[in-house]
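Okay, query_35.pdb is below, PDB, C-alpha atoms and all ligand atoms:
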ATOM      1  CA  MET A   1     129.530  95.100 101.564
ATOM      2  CA  SER A   2     128.600  95.400 105.210
ATOM      3  CA  HIS A   3     126.015  97.965 106.073
ATOM      4  CA  ASN A   4     125.577  99.160 109.604
ATOM      5  CA  VAL A   5     121.805  99.215 109.491
ATOM      6  CA  ILE A   6     118.988  98.447 111.837
ATOM      7  CA  ARG A   7     118.043  94.821 111.520
ATOM      8  CA  SER A   8     114.637  93.919 112.810
ATOM      9  CA  GLU A   9     114.795  91.665 115.875
ATOM     10  CA  PRO A  10     113.985  88.901 115.438
ATOM     11  CA  PHE A  11     114.815  89.037 111.735
ATOM     12  CA  THR A  12     111.348  88.975 110.288
ATOM     13  CA  ARG A  13     109.112  89.455 107.300
ATOM     14  CA  LEU A  14     107.937  92.967 106.677
ATOM     15  CA  ARG A  15     104.395  93.260 107.944
ATOM     16  CA  ALA A  16     101.786  95.883 108.571
ATOM     17  CA  GLY A  17     101.973  97.631 111.919
ATOM     18  CA  TYR A  18     105.739  97.270 112.296
ATOM     19  CA  THR A  19     107.499 100.258 113.880
ATOM     20  CA  LEU A  20     110.532 101.065 111.756
ATOM     21  CA  CYS A  21     111.865 103.765 114.072
ATOM     22  CA  GLU A  22     110.943 106.937 115.887
ATOM     23  CA  LEU A  23     110.464 109.924 113.595
ATOM     24  CA  ASP A  24     113.147 111.763 115.608
ATOM     25  CA  GLU A  25     115.685 109.139 114.561
ATOM     26  CA  LEU A  26     115.578 110.514 111.032
ATOM     27  CA  ASN A  27     117.340 113.782 110.304
ATOM     28  CA  ASN A  28     115.229 116.382 108.548
ATOM     29  CA  PRO A  29     115.864 115.877 105.716
ATOM     30  CA  GLY A  30     117.239 112.417 106.248
ATOM     31  CA  SER A  31     117.062 108.728 105.431
ATOM     32  CA  LYS A  32     117.535 105.412 107.189
ATOM     33  CA  GLU A  33     117.837 101.805 106.059
ATOM     34  CA  PHE A  34     116.177  98.695 107.521
ATOM     35  CA  LEU A  35     116.624  95.019 106.700
ATOM     36  CA  PHE A  36     113.890  92.396 106.574
ATOM     37  CA  GLU A  37     113.423  88.874 105.351
ATOM     38  CA  GLY A  38     112.085  88.714 101.801
ATOM     39  CA  LYS A  39     109.479  86.268 100.583
ATOM     40  CA  GLU A  40     112.199  83.877  99.357
ATOM     41  CA  GLY A  41     114.096  84.144 102.625
ATOM     42  CA  GLU A  42     116.519  86.647 101.148
ATOM     43  CA  VAL A  43     117.556  89.888 102.845
ATOM     44  CA  VAL A  44     115.430  92.820 101.697
ATOM     45  CA  SER A  45     116.548  96.366 102.274
ATOM     46  CA  ILE A  46     114.035  99.161 102.602
ATOM     47  CA  PHE A  47     114.648 102.778 103.490
ATOM     48  CA  ALA A  48     112.640 105.618 104.940
ATOM     49  CA  VAL A  49     113.065 109.238 103.917
ATOM     50  CA  ARG A  50     111.949 112.385 105.671
ATOM     51  CA  GLN A  51     111.647 115.965 104.530
ATOM     52  CA  GLY A  52     109.623 118.158 106.852
ATOM     53  CA  GLU A  53     106.237 116.533 107.329
ATOM     54  CA  LEU A  54     106.788 114.205 104.399
ATOM     55  CA  VAL A  55     107.738 110.628 105.318
ATOM     56  CA  ARG A  56     107.966 107.841 102.758
ATOM     57  CA  ALA A  57     109.546 104.402 102.587
ATOM     58  CA  TYR A  58     110.734 102.460  99.560
ATOM     59  CA  VAL A  59     112.263  99.129  98.688
ATOM     60  CA  ASN A  60     115.978  99.709  98.144
ATOM     61  CA  ARG A  61     116.018  98.356  94.624
ATOM     62  CA  CYS A  62     116.610 100.475  91.545
ATOM     63  CA  PRO A  63     114.028  99.887  88.796
ATOM     64  CA  HIS A  64     116.723  99.871  86.102
ATOM     65  CA  ALA A  65     119.342  97.493  87.504
ATOM     66  CA  GLY A  66     117.833  96.034  90.651
ATOM     67  CA  ALA A  67     120.786  97.312  92.657
ATOM     68  CA  ARG A  68     120.713  98.986  96.046
ATOM     69  CA  LEU A  69     120.813 102.732  95.696
ATOM     70  CA  ASN A  70     123.069 103.697  98.589
ATOM     71  CA  GLY A  71     126.833 103.433  98.727
ATOM     72  CA  ALA A  72     127.058 104.186 102.429
ATOM     73  CA  PRO A  73     124.801 103.306 105.375
ATOM     74  CA  ASP A  74     121.615 105.368 105.554
ATOM     75  CA  ASP A  75     122.824 107.583 102.688
ATOM     76  CA  PHE A  76     119.977 107.854 100.171
ATOM     77  CA  LEU A  77     119.558 111.574  99.556
ATOM     78  CA  SER A  78     121.148 114.209  97.360
ATOM     79  CA  ASN A  79     123.396 116.760  99.098
ATOM     80  CA  ASP A  80     120.557 119.207  99.610
ATOM     81  CA  GLY A  81     118.238 116.443 100.810
ATOM     82  CA  SER A  82     115.592 117.192  98.204
ATOM     83  CA  LEU A  83     115.913 114.023  96.092
ATOM     84  CA  ILE A  84     116.615 110.314  96.472
ATOM     85  CA  LEU A  85     119.943 109.612  94.788
ATOM     86  CA  CYS A  86     121.454 106.464  93.304
ATOM     87  CA  SER A  87     125.051 106.685  94.488
ATOM     88  CA  HIS A  88     126.208 104.449  91.635
ATOM     89  CA  HIS A  89     124.775 106.228  88.594
ATOM     90  CA  GLY A  90     123.511 109.580  89.819
ATOM     91  CA  ALA A  91     119.868 108.829  89.029
ATOM     92  CA  VAL A  92     117.485 110.920  91.106
ATOM     93  CA  PHE A  93     114.021 110.053  92.335
ATOM     94  CA  ASN A  94     111.225 112.250  93.641
ATOM     95  CA  LEU A  95     111.051 111.967  97.425
ATOM     96  CA  ASP A  96     107.261 111.960  97.506
ATOM     97  CA  SER A  97     106.468 109.600  94.621
ATOM     98  CA  GLY A  98     109.666 107.591  94.154
ATOM     99  CA  VAL A  99     109.561 108.288  90.416
ATOM    100  CA  CYS A 100     112.910 108.687  88.655
ATOM    101  CA  THR A 101     113.253 112.156  87.119
ATOM    102  CA  ALA A 102     116.807 111.911  85.737
ATOM    103  CA  GLY A 103     119.166 109.038  84.964
ATOM    104  CA  PRO A 104     118.872 105.627  83.320
ATOM    105  CA  CYS A 105     115.375 104.852  84.633
ATOM    106  CA  VAL A 106     113.438 108.077  83.963
ATOM    107  CA  ASN A 107     109.708 107.683  84.631
ATOM    108  CA  TYR A 108     110.165 104.358  86.423
ATOM    109  CA  GLY A 109     109.427 104.321  90.118
ATOM    110  CA  LEU A 110     110.790 102.803  93.280
ATOM    111  CA  GLN A 111     108.427 100.379  94.983
ATOM    112  CA  GLN A 112     106.780 102.240  97.815
ATOM    113  CA  VAL A 113     106.342 100.673 101.249
ATOM    114  CA  PRO A 114     103.286 102.353 102.777
ATOM    115  CA  VAL A 115     104.000 103.953 106.125
ATOM    116  CA  ILE A 116     102.231 106.279 108.515
ATOM    117  CA  VAL A 117     103.498 108.411 111.361
ATOM    118  CA  GLU A 118     101.742 107.306 114.519
ATOM    119  CA  ASN A 119     102.519 108.598 118.001
ATOM    120  CA  GLY A 120     105.820 109.957 116.748
ATOM    121  CA  ALA A 121     106.911 106.681 115.161
ATOM    122  CA  ILE A 122     107.163 105.535 111.538
ATOM    123  CA  VAL A 123     104.939 102.472 111.191
ATOM    124  CA  THR A 124     104.239 100.263 108.183
ATOM    125  CA  ALA A 125     100.655 100.637 107.029
ATOM    126  CA  ASP A 126      98.221  97.890 106.231
ATOM    127  CA  SER A 127      98.704  96.978 102.580
ATOM    128  CA  SER A 128      98.969  93.859 100.437
ATOM    129  CA  VAL A 129     102.045  95.479  98.865
ATOM    130  CA  LEU A 130     103.998  94.210 101.843
ATOM    131  CA  ASN A 131     103.363  90.602 100.851
ATOM    132  CA  ASP A 132     105.179  91.171  97.572
ATOM    133  CA  VAL A 133     108.313  92.610  99.127
TER
HETATM  134  S1  LIG B 201     121.130 101.224  89.902
HETATM  135 FE1  LIG B 201     119.688 102.229  88.629
HETATM  136  S2  LIG B 201     120.297 104.304  88.574
HETATM  137 FE2  LIG B 201     121.798 103.279  89.757
END
Entire entry expressed as structure tokens:
Amino acid sequence: MSHNVIRSEPFTRLRAGYTLCELDELNNPGSKEFLFEGKEGEVVSIFAVRQGELVRAYVNRCPHAGARLNGAPDDFLSNDGSLILCSHHGAVFNLDSGVCTAGPCVNYGLQQVPVIVENGAIVTADSSVLNDV
């Protein structure tokens, strides 16, 4: 499946201090996908979500099946934008915590990628979590 997503240039490992995009590039509520090189050289998809002042990013990997959640580019949210939605099974995840609240992986969480909003941009924060992605 080809996804029309932002690919970091040059294709690189996820690292602290990387600007994912400008905050204005995300709808409110909205979501956007980014591709990086994983620790085994594989392609890793992460996505950022925004709802008002809340901005979070997660690894695009469902805790129950390891699959990517979205069926279409940048499409990670429920219709009302209040929840992260697995387009394959209808599982929903809390936007703030990434914890599944309904579906096959209830109480399991998405792996969070720490981000901050700095000078109007969404930037990965300093964390050892990034080394495991
Ligand atoms: S892949 Fe786990 S709920 Fe869809």
Contacts with ligand LIG 201 (chain B) at most 12 Å, all atoms listed in the file counted, listed as a ChimeraX atom specification: /A:60-71,76,84-93,99-110
Two-atom distance - CA of Val113 in chain A, CA of Phe47 in chain A (Å):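 That distance, rounded to one decimal, is 8.9 Å.
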Picked residues, the PyMOL selection byres (((chain A and resi 13) around 8) and not hetatm), as a PDB file with C-alpha atoms, in the coordinates of the input:
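Result written to out-v2.pdb:
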ATOM      1  CA  PHE A  11     114.815  89.037 111.735  1.00  0.00           C
ATOM      2  CA  THR A  12     111.348  88.975 110.288  1.00  0.00           C
ATOM      3  CA  LEU A  14     107.937  92.967 106.677  1.00  0.00           C
ATOM      4  CA  ARG A  15     104.395  93.260 107.944  1.00  0.00           C
ATOM      5  CA  PHE A  36     113.890  92.396 106.574  1.00  0.00           C
ATOM      6  CA  GLU A  37     113.423  88.874 105.351  1.00  0.00           C
ATOM      7  CA  GLY A  38     112.085  88.714 101.801  1.00  0.00           C
ATOM      8  CA  LYS A  39     109.479  86.268 100.583  1.00  0.00           C
TER       9      LYS A  39
END
Point-to-point distance from CA of Glu25 in chain A to CA of Gly98 in chain A, Å rounded to tenths: 21.3 Å
Output of the PyMOL selection byres (((chain A and resi 114-117) around 10) and not hetatm), listed as a VMD selection string: chain A and resid 16 to 23 48 53 to 58 111 to 113 118 to 130
Residue selection dump (C-alpha atoms) as a PDB file, in the frame of the given file:
ATOM      1  CA  ALA A  16     101.786  95.883 108.571  1.00  0.00           C
ATOM      2  CA  GLY A  17     101.973  97.631 111.919  1.00  0.00           C
ATOM      3  CA  TYR A  18     105.739  97.270 112.296  1.00  0.00           C
ATOM      4  CA  THR A  19     107.499 100.258 113.880  1.00  0.00           C
ATOM      5  CA  LEU A  20     110.532 101.065 111.756  1.00  0.00           C
ATOM      6  CA  CYS A  21     111.865 103.765 114.072  1.00  0.00           C
ATOM      7  CA  GLU A  22     110.943 106.937 115.887  1.00  0.00           C
ATOM      8  CA  LEU A  23     110.464 109.924 113.595  1.00  0.00           C
ATOM      9  CA  ALA A  48     112.640 105.618 104.940  1.00  0.00           C
ATOM     10  CA  GLU A  53     106.237 116.533 107.329  1.00  0.00           C
ATOM     11  CA  LEU A  54     106.788 114.205 104.399  1.00  0.00           C
ATOM     12  CA  VAL A  55     107.738 110.628 105.318  1.00  0.00           C
ATOM     13  CA  ARG A  56     107.966 107.841 102.758  1.00  0.00           C
ATOM     14  CA  ALA A  57     109.546 104.402 102.587  1.00  0.00           C
ATOM     15  CA  TYR A  58     110.734 102.460  99.560  1.00  0.00           C
ATOM     16  CA  GLN A 111     108.427 100.379  94.983  1.00  0.00           C
ATOM     17  CA  GLN A 112     106.780 102.240  97.815  1.00  0.00           C
ATOM     18  CA  VAL A 113     106.342 100.673 101.249  1.00  0.00           C
ATOM     19  CA  GLU A 118     101.742 107.306 114.519  1.00  0.00           C
ATOM     20  CA  ASN A 119     102.519 108.598 118.001  1.00  0.00           C
ATOM     21  CA  GLY A 120     105.820 109.957 116.748  1.00  0.00           C
ATOM     22  CA  ALA A 121     106.911 106.681 115.161  1.00  0.00           C
ATOM     23  CA  ILE A 122     107.163 105.535 111.538  1.00  0.00           C
ATOM     24  CA  VAL A 123     104.939 102.472 111.191  1.00  0.00           C
ATOM     25  CA  THR A 124     104.239 100.263 108.183  1.00  0.00           C
ATOM     26  CA  ALA A 125     100.655 100.637 107.029  1.00  0.00           C
ATOM     27  CA  ASP A 126      98.221  97.890 106.231  1.00  0.00           C
ATOM     28  CA  SER A 127      98.704  96.978 102.580  1.00  0.00           C
ATOM     29  CA  SER A 128      98.969  93.859 100.437  1.00  0.00           C
ATOM     30  CA  VAL A 129     102.045  95.479  98.865  1.00  0.00           C
ATOM     31  CA  LEU A 130     103.998  94.210 101.843  1.00  0.00           C
TER      32      LEU A 130
END
Pick from A:Ser97, A:Val44, A:Ser31, A:Arg50 nearest to Ala72 in chain A, counting all atoms listed in the file: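 For Ala72 in chain A, the nearest of the given residues is A:Ser31.
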Atomic separation - CA of Asp74 in chain A relative to CA of Gly30 in chain A, Å: 8.3 Å
Residues matched by the PyMOL selection byres (((chain A and resi 83) around 6) and not hetatm), written as a count of residues only: 8
Around all the atoms of range 114-118 of chain A listed in the file, with 8 Å of room on each side, what axis-aligned box do you get, giving centre and edge lengths in Å to one decimal, as lines of an AutoDock Vina configuration file?
center_x = 102.9
center_y = 105.4
center_z = 108.6
size_x = 18.3
size_y = 22.1
size_z = 27.7
With N, CA and C atoms as the goal, would you fill in the gaps in range 64-89 of chain A and present it as a PDB file, in the coordinates of the input?
ATOM      1  N   HIS A  64     116.016 100.141  87.367  1.00  0.00           N
ATOM      2  CA  HIS A  64     116.723  99.871  86.102  1.00  0.00           C
ATOM      3  C   HIS A  64     117.702  98.713  86.234  1.00  0.00           C
ATOM      4  N   ALA A  65     118.340  98.550  87.379  1.00  0.00           N
ATOM      5  CA  ALA A  65     119.342  97.493  87.504  1.00  0.00           C
ATOM      6  C   ALA A  65     119.106  96.571  88.693  1.00  0.00           C
ATOM      7  N   GLY A  66     118.131  96.878  89.497  1.00  0.00           N
ATOM      8  CA  GLY A  66     117.833  96.034  90.651  1.00  0.00           C
ATOM      9  C   GLY A  66     118.824  96.192  91.783  1.00  0.00           C
ATOM     10  N   ALA A  67     119.745  97.142  91.651  1.00  0.00           N
ATOM     11  CA  ALA A  67     120.786  97.312  92.657  1.00  0.00           C
ATOM     12  C   ALA A  67     120.296  98.183  93.809  1.00  0.00           C
ATOM     13  N   ARG A  68     120.985  98.070  94.947  1.00  0.00           N
ATOM     14  CA  ARG A  68     120.713  98.986  96.046  1.00  0.00           C
ATOM     15  C   ARG A  68     121.226 100.377  95.673  1.00  0.00           C
ATOM     16  N   LEU A  69     120.504 101.371  96.121  1.00  0.00           N
ATOM     17  CA  LEU A  69     120.813 102.732  95.696  1.00  0.00           C
ATOM     18  C   LEU A  69     121.976 103.357  96.469  1.00  0.00           C
ATOM     19  N   ASN A  70     122.106 102.989  97.741  1.00  0.00           N
ATOM     20  CA  ASN A  70     123.069 103.697  98.589  1.00  0.00           C
ATOM     21  C   ASN A  70     124.451 103.057  98.539  1.00  0.00           C
ATOM     22  N   GLY A  71     125.462 103.916  98.665  1.00  0.00           N
ATOM     23  CA  GLY A  71     126.833 103.433  98.727  1.00  0.00           C
ATOM     24  C   GLY A  71     127.362 103.423 100.146  1.00  0.00           C
ATOM     25  N   ALA A  72     126.663 104.111 101.026  1.00  0.00           N
ATOM     26  CA  ALA A  72     127.058 104.186 102.429  1.00  0.00           C
ATOM     27  C   ALA A  72     125.805 103.994 103.285  1.00  0.00           C
ATOM     28  N   PRO A  73     125.975 103.545 104.527  1.00  0.00           N
ATOM     29  CA  PRO A  73     124.801 103.306 105.375  1.00  0.00           C
ATOM     30  C   PRO A  73     123.909 104.535 105.509  1.00  0.00           C
ATOM     31  N   ASP A  74     122.628 104.323 105.340  1.00  0.00           N
ATOM     32  CA  ASP A  74     121.615 105.368 105.554  1.00  0.00           C
ATOM     33  C   ASP A  74     121.765 106.574 104.629  1.00  0.00           C
ATOM     34  N   ASP A  75     122.525 106.436 103.554  1.00  0.00           N
ATOM     35  CA  ASP A  75     122.824 107.583 102.688  1.00  0.00           C
ATOM     36  C   ASP A  75     122.052 107.442 101.368  1.00  0.00           C
ATOM     37  N   PHE A  76     120.853 108.019 101.336  1.00  0.00           N
ATOM     38  CA  PHE A  76     119.977 107.854 100.171  1.00  0.00           C
ATOM     39  C   PHE A  76     119.617 109.172  99.501  1.00  0.00           C
ATOM     40  N   LEU A  77     120.046 110.286 100.057  1.00  0.00           N
ATOM     41  CA  LEU A  77     119.558 111.574  99.556  1.00  0.00           C
ATOM     42  C   LEU A  77     120.664 112.373  98.868  1.00  0.00           C
ATOM     43  N   SER A  78     120.231 113.260  97.981  1.00  0.00           N
ATOM     44  CA  SER A  78     121.148 114.209  97.360  1.00  0.00           C
ATOM     45  C   SER A  78     121.697 115.151  98.435  1.00  0.00           C
ATOM     46  N   ASN A  79     122.740 115.897  98.103  1.00  0.00           N
ATOM     47  CA  ASN A  79     123.396 116.760  99.098  1.00  0.00           C
ATOM     48  C   ASN A  79     122.438 117.726  99.771  1.00  0.00           C
ATOM     49  N   ASP A  80     121.488 118.244  99.008  1.00  0.00           N
ATOM     50  CA  ASP A  80     120.557 119.207  99.610  1.00  0.00           C
ATOM     51  C   ASP A  80     119.344 118.514 100.234  1.00  0.00           C
ATOM     52  N   GLY A  81     119.305 117.199 100.161  1.00  0.00           N
ATOM     53  CA  GLY A  81     118.238 116.443 100.810  1.00  0.00           C
ATOM     54  C   GLY A  81     116.909 116.474 100.091  1.00  0.00           C
ATOM     55  N   SER A  82     116.870 117.018  98.886  1.00  0.00           N
ATOM     56  CA  SER A  82     115.592 117.192  98.204  1.00  0.00           C
ATOM     57  C   SER A  82     115.210 116.022  97.304  1.00  0.00           C
ATOM     58  N   LEU A  83     116.163 115.128  97.022  1.00  0.00           N
ATOM     59  CA  LEU A  83     115.913 114.023  96.092  1.00  0.00           C
ATOM     60  C   LEU A  83     116.542 112.739  96.619  1.00  0.00           C
ATOM     61  N   ILE A  84     115.970 111.603  96.230  1.00  0.00           N
ATOM     62  CA  ILE A  84     116.615 110.314  96.472  1.00  0.00           C
ATOM     63  C   ILE A  84     117.653 110.125  95.362  1.00  0.00           C
ATOM     64  N   LEU A  85     118.828 109.680  95.739  1.00  0.00           N
ATOM     65  CA  LEU A  85     119.943 109.612  94.788  1.00  0.00           C
ATOM     66  C   LEU A  85     120.512 108.201  94.709  1.00  0.00           C
ATOM     67  N   CYS A  86     120.699 107.706  93.484  1.00  0.00           N
ATOM     68  CA  CYS A  86     121.454 106.464  93.304  1.00  0.00           C
ATOM     69  C   CYS A  86     122.935 106.823  93.330  1.00  0.00           C
ATOM     70  N   SER A  87     123.643 106.308  94.320  1.00  0.00           N
ATOM     71  CA  SER A  87     125.051 106.685  94.488  1.00  0.00           C
ATOM     72  C   SER A  87     125.933 106.081  93.407  1.00  0.00           C
ATOM     73  N   HIS A  88     125.398 105.116  92.659  1.00  0.00           N
ATOM     74  CA  HIS A  88     126.208 104.449  91.635  1.00  0.00           C
ATOM     75  C   HIS A  88     126.140 105.156  90.288  1.00  0.00           C
ATOM     76  N   HIS A  89     124.959 105.670  89.934  1.00  0.00           N
ATOM     77  CA  HIS A  89     124.775 106.228  88.594  1.00  0.00           C
ATOM     78  C   HIS A  89     124.249 107.646  88.597  1.00  0.00           C
TER      79      HIS A  89
END
